[in-house]
>>> print(open('upload.tsv').read())   # TSV, C-alpha atoms and all ligand atoms
chain	number	residue	atom	x	y	z
A	1048	MET	CA	30.93	10.14	-7.40
A	1049	ASN	CA	28.21	12.71	-7.50
A	1050	SER	CA	27.95	16.42	-7.00
A	1051	PHE	CA	25.34	16.46	-4.23
A	1052	LYS	CA	25.94	18.53	-1.16
A	1053	TRP	CA	25.39	16.07	1.74
A	1054	ILE	CA	24.66	17.61	5.14
A	1055	GLU	CA	24.30	15.43	8.22
A	1056	ALA	CA	21.97	17.06	10.72
A	1057	LYS	CA	22.25	16.35	14.46
A	1058	SER	CA	18.55	15.62	14.86
A	1059	TYR	CA	15.17	15.90	13.16
A	1060	ASN	CA	14.81	19.45	14.47
A	1061	ASP	CA	18.25	20.36	13.21
A	1062	MET	CA	17.42	18.95	9.76
A	1063	SER	CA	14.20	20.99	9.73
A	1064	ARG	CA	16.06	24.17	10.68
A	1065	LEU	CA	18.76	23.67	8.05
A	1066	GLY	CA	16.18	22.93	5.36
A	1067	ALA	CA	14.07	25.93	6.36
A	1068	GLU	CA	17.15	28.17	6.14
A	1069	LEU	CA	17.39	27.46	2.41
A	1070	PHE	CA	13.77	28.53	1.94
A	1071	ILE	CA	14.23	31.61	4.12
A	1072	GLN	CA	17.28	32.65	2.12
A	1073	GLN	CA	15.40	32.02	-1.13
A	1074	LEU	CA	12.44	34.17	-0.06
A	1075	GLN	CA	14.69	36.93	1.26
A	1076	GLU	CA	16.64	37.08	-1.99
A	1077	LYS	CA	13.57	36.78	-4.22
A	1078	PRO	CA	10.23	37.46	-2.50
A	1079	ALA	CA	8.34	36.35	-5.64
A	1080	SER	CA	10.02	32.94	-5.64
A	1081	VAL	CA	8.31	29.91	-7.10
A	1082	LEU	CA	8.56	27.21	-4.44
A	1083	GLY	CA	8.02	23.49	-4.98
A	1084	LEU	CA	6.53	21.87	-1.88
A	1085	ALA	CA	6.25	18.34	-0.51
A	1086	THR	CA	3.93	16.73	2.03
A	1087	GLY	CA	4.42	13.75	4.36
A	1088	GLY	CA	5.95	13.37	7.79
A	1089	THR	CA	9.47	14.53	6.92
A	1090	PRO	CA	8.85	18.23	6.13
A	1091	GLU	CA	6.47	18.99	9.03
A	1092	GLY	CA	9.29	20.47	11.13
A	1093	LEU	CA	10.50	22.57	8.20
A	1094	TYR	CA	7.03	24.08	7.78
A	1095	GLU	CA	6.92	24.80	11.51
A	1096	GLU	CA	10.22	26.67	11.15
A	1097	LEU	CA	8.89	28.69	8.21
A	1098	VAL	CA	5.80	29.67	10.20
A	1099	ARG	CA	8.02	30.71	13.12
A	1100	ASN	CA	10.18	32.86	10.86
A	1101	TYR	CA	7.10	34.40	9.27
A	1102	ASN	CA	5.74	35.26	12.73
A	1103	ASP	CA	9.11	36.81	13.62
A	1104	GLY	CA	8.86	39.02	10.52
A	1105	LYS	CA	11.87	37.45	8.81
A	1106	ILE	CA	9.98	36.25	5.73
A	1107	THR	CA	6.84	37.08	3.86
A	1108	PHE	CA	4.86	34.87	1.48
A	1109	GLU	CA	2.94	37.77	-0.03
A	1110	GLN	CA	4.47	37.37	-3.48
A	1111	ALA	CA	5.50	33.71	-3.28
A	1112	VAL	CA	4.02	31.17	-5.66
A	1113	THR	CA	3.86	27.50	-4.63
A	1114	PHE	CA	3.44	24.25	-6.52
A	1115	ASN	CA	2.92	21.03	-4.60
A	1116	LEU	CA	4.42	17.85	-5.91
A	1117	ASP	CA	1.35	15.67	-5.79
A	1118	GLU	CA	-2.17	14.92	-4.64
A	1119	TYR	CA	-4.34	11.82	-4.38
A	1120	VAL	CA	-6.97	11.02	-6.95
A	1121	GLY	CA	-10.55	11.05	-5.69
A	1122	VAL	CA	-9.89	12.39	-2.19
A	1123	PRO	CA	-11.93	15.54	-1.47
A	1124	VAL	CA	-9.81	18.54	-0.44
A	1125	THR	CA	-11.70	18.67	2.87
A	1126	ASN	CA	-10.60	15.10	3.72
A	1127	LYS	CA	-7.83	15.09	6.35
A	1128	GLY	CA	-5.78	12.68	4.21
A	1129	SER	CA	-5.69	15.05	1.23
A	1130	TYR	CA	-2.56	17.07	0.54
A	1131	HIS	CA	-4.69	20.20	0.18
A	1132	TYR	CA	-5.74	19.70	3.79
A	1133	TYR	CA	-2.19	18.93	4.92
A	1134	MET	CA	-0.73	22.06	3.29
A	1135	ASP	CA	-3.39	24.26	4.78
A	1136	GLU	CA	-2.76	22.83	8.26
A	1137	GLN	CA	1.03	22.86	8.05
A	1138	LEU	CA	1.65	26.16	6.30
A	1139	PHE	CA	-0.90	28.09	4.28
A	1140	GLN	CA	-3.39	29.02	7.02
A	1141	HIS	CA	-0.53	30.34	9.18
A	1142	VAL	CA	1.17	32.65	6.66
A	1143	ASN	CA	0.23	35.37	4.17
A	1144	MET	CA	0.13	33.27	1.00
A	1145	GLN	CA	-2.26	34.69	-1.61
A	1146	SER	CA	-4.72	31.90	-2.33
A	1147	ASN	CA	-4.42	32.33	-6.11
A	1148	ASN	CA	-0.66	31.75	-5.82
A	1149	ILE	CA	-1.18	28.30	-4.29
A	1150	ASN	CA	-1.08	25.42	-6.76
A	1151	ILE	CA	-1.77	21.79	-5.87
A	1152	PRO	CA	-2.57	19.16	-8.50
A	1153	ASN	CA	-6.28	18.52	-8.87
A	1154	GLY	CA	-7.18	14.85	-8.50
A	1155	ASN	CA	-10.92	15.45	-8.31
A	1156	VAL	CA	-11.85	15.91	-11.95
A	1157	THR	CA	-13.15	13.56	-14.61
A	1158	ASP	CA	-10.41	14.33	-17.10
A	1159	LEU	CA	-7.34	13.57	-15.02
A	1160	ASN	CA	-4.93	13.66	-17.96
A	1161	ALA	CA	-6.09	17.16	-18.87
A	1162	SER	CA	-5.66	18.17	-15.23
A	1163	ALA	CA	-2.06	16.87	-15.29
A	1164	GLU	CA	-1.27	18.67	-18.53
A	1165	ALA	CA	-2.73	21.92	-17.23
A	1166	TYR	CA	-0.63	21.66	-14.07
A	1167	GLU	CA	2.57	21.16	-16.03
A	1168	ALA	CA	1.70	24.18	-18.19
A	1169	LEU	CA	1.07	26.31	-15.09
A	1170	ILE	CA	4.56	25.53	-13.77
A	1171	GLN	CA	6.12	26.54	-17.07
A	1172	GLU	CA	4.01	29.73	-17.18
A	1173	ALA	CA	5.22	30.65	-13.69
A	1174	GLY	CA	8.78	30.50	-15.03
A	1175	GLY	CA	9.68	27.15	-13.46
A	1176	ILE	CA	10.42	26.26	-9.86
A	1177	ASP	CA	13.21	28.15	-8.08
A	1178	LEU	CA	13.57	25.82	-5.09
A	1179	GLN	CA	12.01	22.38	-4.82
A	1180	LEU	CA	11.57	20.53	-1.53
A	1181	LEU	CA	11.58	16.73	-1.66
A	1182	GLY	CA	11.21	13.81	0.70
A	1183	ILE	CA	12.03	10.29	-0.44
A	1184	GLY	CA	9.88	7.17	-0.27
A	1185	VAL	CA	11.19	3.92	1.24
A	1186	ASN	CA	11.25	2.62	-2.35
A	1187	GLY	CA	13.13	5.69	-3.60
A	1188	HIS	CA	10.13	7.50	-5.03
A	1189	ILE	CA	10.16	11.28	-5.40
A	1190	GLY	CA	6.78	12.92	-5.67
A	1191	PHE	CA	4.64	9.86	-6.40
A	1192	ASN	CA	6.98	8.68	-9.13
A	1193	GLU	CA	7.24	5.03	-8.24
A	1194	PRO	CA	10.13	2.77	-9.39
A	1195	SER	CA	10.38	2.40	-13.18
A	1196	THR	CA	8.81	5.79	-13.93
A	1197	SER	CA	10.48	7.34	-16.96
A	1198	PHE	CA	13.01	10.06	-16.20
A	1199	THR	CA	11.36	12.07	-18.99
A	1200	SER	CA	7.92	12.02	-17.33
A	1201	THR	CA	5.99	15.25	-16.81
A	1202	THR	CA	2.95	15.68	-14.51
A	1203	HIS	CA	0.90	12.49	-14.80
A	1204	ILE	CA	-1.43	10.02	-13.14
A	1205	VAL	CA	0.12	7.10	-11.26
A	1206	GLU	CA	-1.01	3.92	-9.60
A	1207	LEU	CA	0.50	3.78	-6.10
A	1208	THR	CA	2.51	0.72	-5.12
A	1209	SER	CA	1.46	-1.35	-2.11
A	1210	SER	CA	4.52	-0.16	-0.15
A	1211	THR	CA	3.52	3.49	-0.68
A	1212	ARG	CA	-0.12	2.78	0.22
A	1213	GLU	CA	1.04	1.01	3.37
A	1214	ALA	CA	3.37	3.87	4.37
A	1215	ASN	CA	0.56	6.41	3.89
A	1216	GLN	CA	-2.13	4.41	5.66
A	1217	ILE	CA	-1.57	6.41	8.86
A	1218	TYR	CA	-3.23	9.42	7.22
A	1219	PHE	CA	-6.49	7.53	6.61
A	1220	GLU	CA	-9.02	5.97	8.97
A	1221	GLN	CA	-9.09	2.55	7.35
A	1222	PRO	CA	-6.76	0.71	4.95
A	1223	LYS	CA	-9.55	0.63	2.35
A	1224	ASP	CA	-9.66	4.46	2.39
A	1225	VAL	CA	-6.07	4.76	1.13
A	1226	PRO	CA	-6.31	5.92	-2.48
A	1227	THR	CA	-4.96	3.76	-5.29
A	1228	HIS	CA	-3.98	6.58	-7.65
A	1229	ALA	CA	-2.39	9.98	-7.47
A	1230	ILE	CA	-1.45	12.89	-9.71
A	1231	THR	CA	2.19	13.86	-9.48
A	1232	MET	CA	4.79	16.10	-11.04
A	1233	GLY	CA	6.95	13.90	-13.25
A	1234	ILE	CA	10.63	13.26	-12.77
A	1235	GLN	CA	11.49	15.65	-15.57
A	1236	THR	CA	9.27	18.31	-13.96
A	1237	ILE	CA	11.16	17.87	-10.69
A	1238	VAL	CA	14.67	17.94	-12.13
A	1239	GLN	CA	13.86	21.11	-14.06
A	1240	ALA	CA	13.71	23.02	-10.73
A	1241	LYS	CA	16.64	25.41	-10.40
A	1242	LYS	CA	17.60	24.15	-6.93
A	1243	ILE	CA	16.51	21.07	-5.02
A	1244	VAL	CA	16.64	20.20	-1.34
A	1245	VAL	CA	15.97	16.64	-0.17
A	1246	LEU	CA	15.19	15.83	3.46
A	1247	ILE	CA	15.78	12.26	4.67
A	1248	SER	CA	15.03	11.24	8.24
A	1249	GLY	CA	14.92	7.95	10.08
A	1250	ALA	CA	16.06	4.34	9.78
A	1251	SER	CA	13.16	3.34	7.52
A	1252	LYS	CA	14.92	5.35	4.80
A	1253	GLN	CA	18.30	3.65	5.29
A	1254	GLU	CA	18.14	1.58	2.10
A	1255	ALA	CA	16.95	4.52	0.00
A	1256	TYR	CA	19.64	6.74	1.53
A	1257	ASP	CA	22.40	4.19	0.78
A	1258	ARG	CA	21.21	3.75	-2.77
A	1259	LEU	CA	21.07	7.49	-3.36
A	1260	ARG	CA	24.50	7.90	-1.81
A	1261	SER	CA	25.94	5.20	-4.11
A	1262	GLY	CA	25.48	7.53	-7.07
A	1263	ASP	CA	24.07	4.79	-9.35
A	1264	ILE	CA	21.52	6.10	-11.81
A	1265	SER	CA	18.60	3.85	-12.74
A	1266	GLU	CA	14.90	4.25	-13.46
A	1267	ASP	CA	14.33	1.49	-10.87
A	1268	PHE	CA	15.25	4.07	-8.29
A	1269	PRO	CA	13.48	7.36	-9.12
A	1270	ALA	CA	15.52	9.56	-6.73
A	1271	SER	CA	18.67	8.67	-8.68
A	1272	ALA	CA	17.48	11.05	-11.44
A	1273	LEU	CA	18.60	13.81	-9.09
A	1274	HIS	CA	22.20	12.89	-9.89
A	1275	MET	CA	21.65	14.54	-13.25
A	1276	HIS	CA	20.98	17.87	-11.53
A	1277	SER	CA	23.74	20.29	-10.60
A	1278	ASP	CA	22.30	21.91	-7.44
A	1279	VAL	CA	20.98	19.33	-4.99
A	1280	THR	CA	21.39	19.55	-1.21
A	1281	VAL	CA	20.53	16.46	0.82
A	1282	ILE	CA	19.99	17.01	4.54
A	1283	PHE	CA	19.76	13.76	6.45
A	1284	THR	CA	19.49	12.59	10.02
A	1285	ASP	CA	19.02	9.47	12.16
A	1286	ILE	CA	19.56	7.09	9.26
A	1287	ARG	CA	21.46	4.54	11.33
A	1288	ASN	CA	19.55	5.04	14.58
A	1289	THR	CA	16.45	3.14	15.45
A	1290	GLN	CA	15.51	5.87	17.90
A	1291	PHE	CA	13.95	9.02	16.57
A	1292	SER	CA	15.71	11.96	18.22
A	1293	GLN	CA	13.79	15.15	18.88
A	1294	GLU	CA	16.70	17.06	20.48
B	1301	LIG	C1	5.02	13.96	-0.71
B	1301	LIG	C2	5.77	13.15	-1.65
B	1301	LIG	C3	6.46	11.89	-1.26
B	1301	LIG	C4	7.08	11.93	0.13
B	1301	LIG	C5	7.69	10.58	0.49
B	1301	LIG	C6	8.23	10.55	1.90
B	1301	LIG	O1	4.47	15.10	-1.33
B	1301	LIG	O2	5.81	13.51	-2.79
B	1301	LIG	O3	7.45	11.59	-2.22
B	1301	LIG	O4	8.04	12.93	0.18
B	1301	LIG	O5	6.72	9.57	0.35
B	1301	LIG	O6	7.18	10.68	2.80
B	1301	LIG	P1	7.43	10.83	4.36
B	1301	LIG	O7	8.06	12.16	4.56
B	1301	LIG	O8	6.05	10.79	4.98
B	1301	LIG	O9	8.31	9.70	4.76
>>> encode(input="upload.tsv", output="structure tokens")
Amino acid sequence: MNSFKWIEAKSYNDMSRLGAELFIQQLQEKPASVLGLATGGTPEGLYEELVRNYNDGKITFEQAVTFNLDEYVGVPVTNKGSYHYYMDEQLFQHVNMQSNNINIPNGNVTDLNASAEAYEALIQEAGGIDLQLLGIGVNGHIGFNEPSTSFTSTTHIVELTSSTREANQIYFEQPKDVPTHAITMGIQTIVQAKKIVVLISGASKQEAYDRLRSGDISEDFPASALHMHSDVTVIFTDIRNTQFSQE
């Protein structure tokens, strides 16, 4: 048994709408919210929804502060595969975020450990994350916390597994361009967020979904750390279907 709120969405678009609603509500209740953001294919629709709601005047990002989960090591921010580039394309360039309120780990420095420590400190200084968005890797990773990462980890440098590098190859021109390392919030950093929303879409995530749903807690399966949190909403869709529905 676990205390997650499980919501089955009718389609990818429905999942994106339901997830966006939680962010809209958060921003309406507290315009200066600290938001934890994720990249990847899963949240693209959610960002589209947020941009739509911003354009409709329903939300403003003027006072919002954001912290992204992770970034690759050694990938320039102007590279299309970088998460800086992704965030700008998906959200930041379309809304009124103040650039000094945007935080993404810096993987382009010589002292990576110092960069990780500074990032962790920045999150604490901002008062912690109010609402954290997560996707889940096929191997159960959250952020870039690969299986066997300690549940007490804070922001740190990781070596990516081959399954993660394979899954993320689509964002790079050639397999050899896929980075080997990343800087990521730790599992402890993530579970310290006040509220967490996890989006899971598509049959490739079936095993991870089943394992999360089982409620078993193990460091072999990073997402299971979320069972130790008291306010997690999981919105899922198309787990058993091979066809990706767009509604
Ligand atoms: C992204 C991140 C990752 C992804 C996960 C799923 O910032 O931290 O944990 O959420 O790899 O990626 P997609 O959505 O591309 O399947």
>>> closest_atom_pairs(input="upload.tsv", of="segment 1191-1231 of chain A", to="segment 1268-1275 of chain A", cutoff="8 Å", atoms="all atoms listed in the file", output="CSV")
residue,atom,partner,partner_atom,distance
A:Asn1192,CA,A:Pro1269,CA,6.6
A:Glu1193,CA,A:Pro1269,CA,6.7
A:Pro1194,CA,A:Phe1268,CA,5.4
A:Ser1195,CA,A:Phe1268,CA,7.1
A:Thr1196,CA,A:Pro1269,CA,6.9
A:Phe1198,CA,A:Ala1272,CA,6.6
>>> residues_around(input="upload.tsv", residues="Gly1088 of chain A", least_positions_apart="2", cutoff="12 Å", atoms="all atoms listed in the file", output="PDB file with C-alpha atoms, in the frame of the given file")
ATOM      1  CA  TYR A1059      15.170  15.900  13.160  1.00  0.00           C
ATOM      2  CA  SER A1063      14.200  20.990   9.730  1.00  0.00           C
ATOM      3  CA  ALA A1085       6.250  18.340  -0.510  1.00  0.00           C
ATOM      4  CA  THR A1086       3.930  16.730   2.030  1.00  0.00           C
ATOM      5  CA  PRO A1090       8.850  18.230   6.130  1.00  0.00           C
ATOM      6  CA  GLU A1091       6.470  18.990   9.030  1.00  0.00           C
ATOM      7  CA  GLY A1092       9.290  20.470  11.130  1.00  0.00           C
ATOM      8  CA  LEU A1093      10.500  22.570   8.200  1.00  0.00           C
ATOM      9  CA  TYR A1094       7.030  24.080   7.780  1.00  0.00           C
ATOM     10  CA  TYR A1130      -2.560  17.070   0.540  1.00  0.00           C
ATOM     11  CA  TYR A1133      -2.190  18.930   4.920  1.00  0.00           C
ATOM     12  CA  MET A1134      -0.730  22.060   3.290  1.00  0.00           C
ATOM     13  CA  GLN A1137       1.030  22.860   8.050  1.00  0.00           C
ATOM     14  CA  LEU A1181      11.580  16.730  -1.660  1.00  0.00           C
ATOM     15  CA  GLY A1182      11.210  13.810   0.700  1.00  0.00           C
ATOM     16  CA  ILE A1183      12.030  10.290  -0.440  1.00  0.00           C
ATOM     17  CA  GLY A1184       9.880   7.170  -0.270  1.00  0.00           C
ATOM     18  CA  ALA A1214       3.370   3.870   4.370  1.00  0.00           C
ATOM     19  CA  ASN A1215       0.560   6.410   3.890  1.00  0.00           C
ATOM     20  CA  ILE A1217      -1.570   6.410   8.860  1.00  0.00           C
ATOM     21  CA  TYR A1218      -3.230   9.420   7.220  1.00  0.00           C
ATOM     22  CA  LEU A1246      15.190  15.830   3.460  1.00  0.00           C
ATOM     23  CA  ILE A1247      15.780  12.260   4.670  1.00  0.00           C
ATOM     24  CA  SER A1248      15.030  11.240   8.240  1.00  0.00           C
ATOM     25  CA  GLY A1249      14.920   7.950  10.080  1.00  0.00           C
TER      26      GLY A1249
END
>>> closest_residue(input="upload.tsv", among="A:Val1122, A:Ala1111, A:Ala1229, A:Ala1255", to="Asn1155 of chain A", atoms="all atoms listed in the file")
A:Val1122
>>> closest_residue(input="upload.tsv", among="A:Val1205, A:Val1156, A:Ala1250, A:Ile1176", to="Pro1123 of chain A", atoms="all atoms listed in the file")
A:Val1156
>>> atom_distance(input="upload.tsv", atom1="atom C1 of ligand LIG 1301 (chain B)", atom2="atom CA of Gly1128 of chain A")
11.9 Å
>>> closest_residue(input="upload.tsv", among="A:Ser1210, A:Asn1143, A:Leu1082, A:Pro1152", to="Ala1168 of chain A", atoms="all atoms listed in the file")
A:Pro1152
>>> closest_residue(input="upload.tsv", among="A:Ser1080, A:Gly1187, A:Gln1216, A:Val1124", to="Arg1260 of chain A", atoms="only C-alpha atoms")
A:Gly1187
>>> atom_distance(input="upload.tsv", atom1="atom CA of Gln1110 of chain A", atom2="atom CA of Ile1234 of chain A")
26.6 Å
>>> closest_residue(input="upload.tsv", among="A:Lys1052, A:Leu1180, A:Ser1251, A:Gly1154", to="Gly1066 of chain A", atoms="all atoms listed in the file")
A:Leu1180
>>> closest_residue(input="upload.tsv", among="A:Met1062, A:Leu1138, A:Leu1084, A:Leu1207", to="Asp1285 of chain A", atoms="only C-alpha atoms")
A:Met1062
>>> residues_around(input="upload.tsv", residues="Ala1056 of chain A", least_positions_apart="4", cutoff="7 Å", atoms="all atoms listed in the file", output="PyMOL selection string")
chain A and resi 1061-1062+1282-1284
>>> atom_distance(input="upload.tsv", atom1="atom CA of Lys1127 of chain A", atom2="atom CA of Asn1150 of chain A")
18.0 Å
>>> residues_around(input="upload.tsv", residues="Asn1102 of chain A", least_positions_apart="4", cutoff="12 Å", atoms="only C-alpha atoms", output="number ranges by chain")
A: 1095-1098, 1106-1108, 1138, 1141-1143
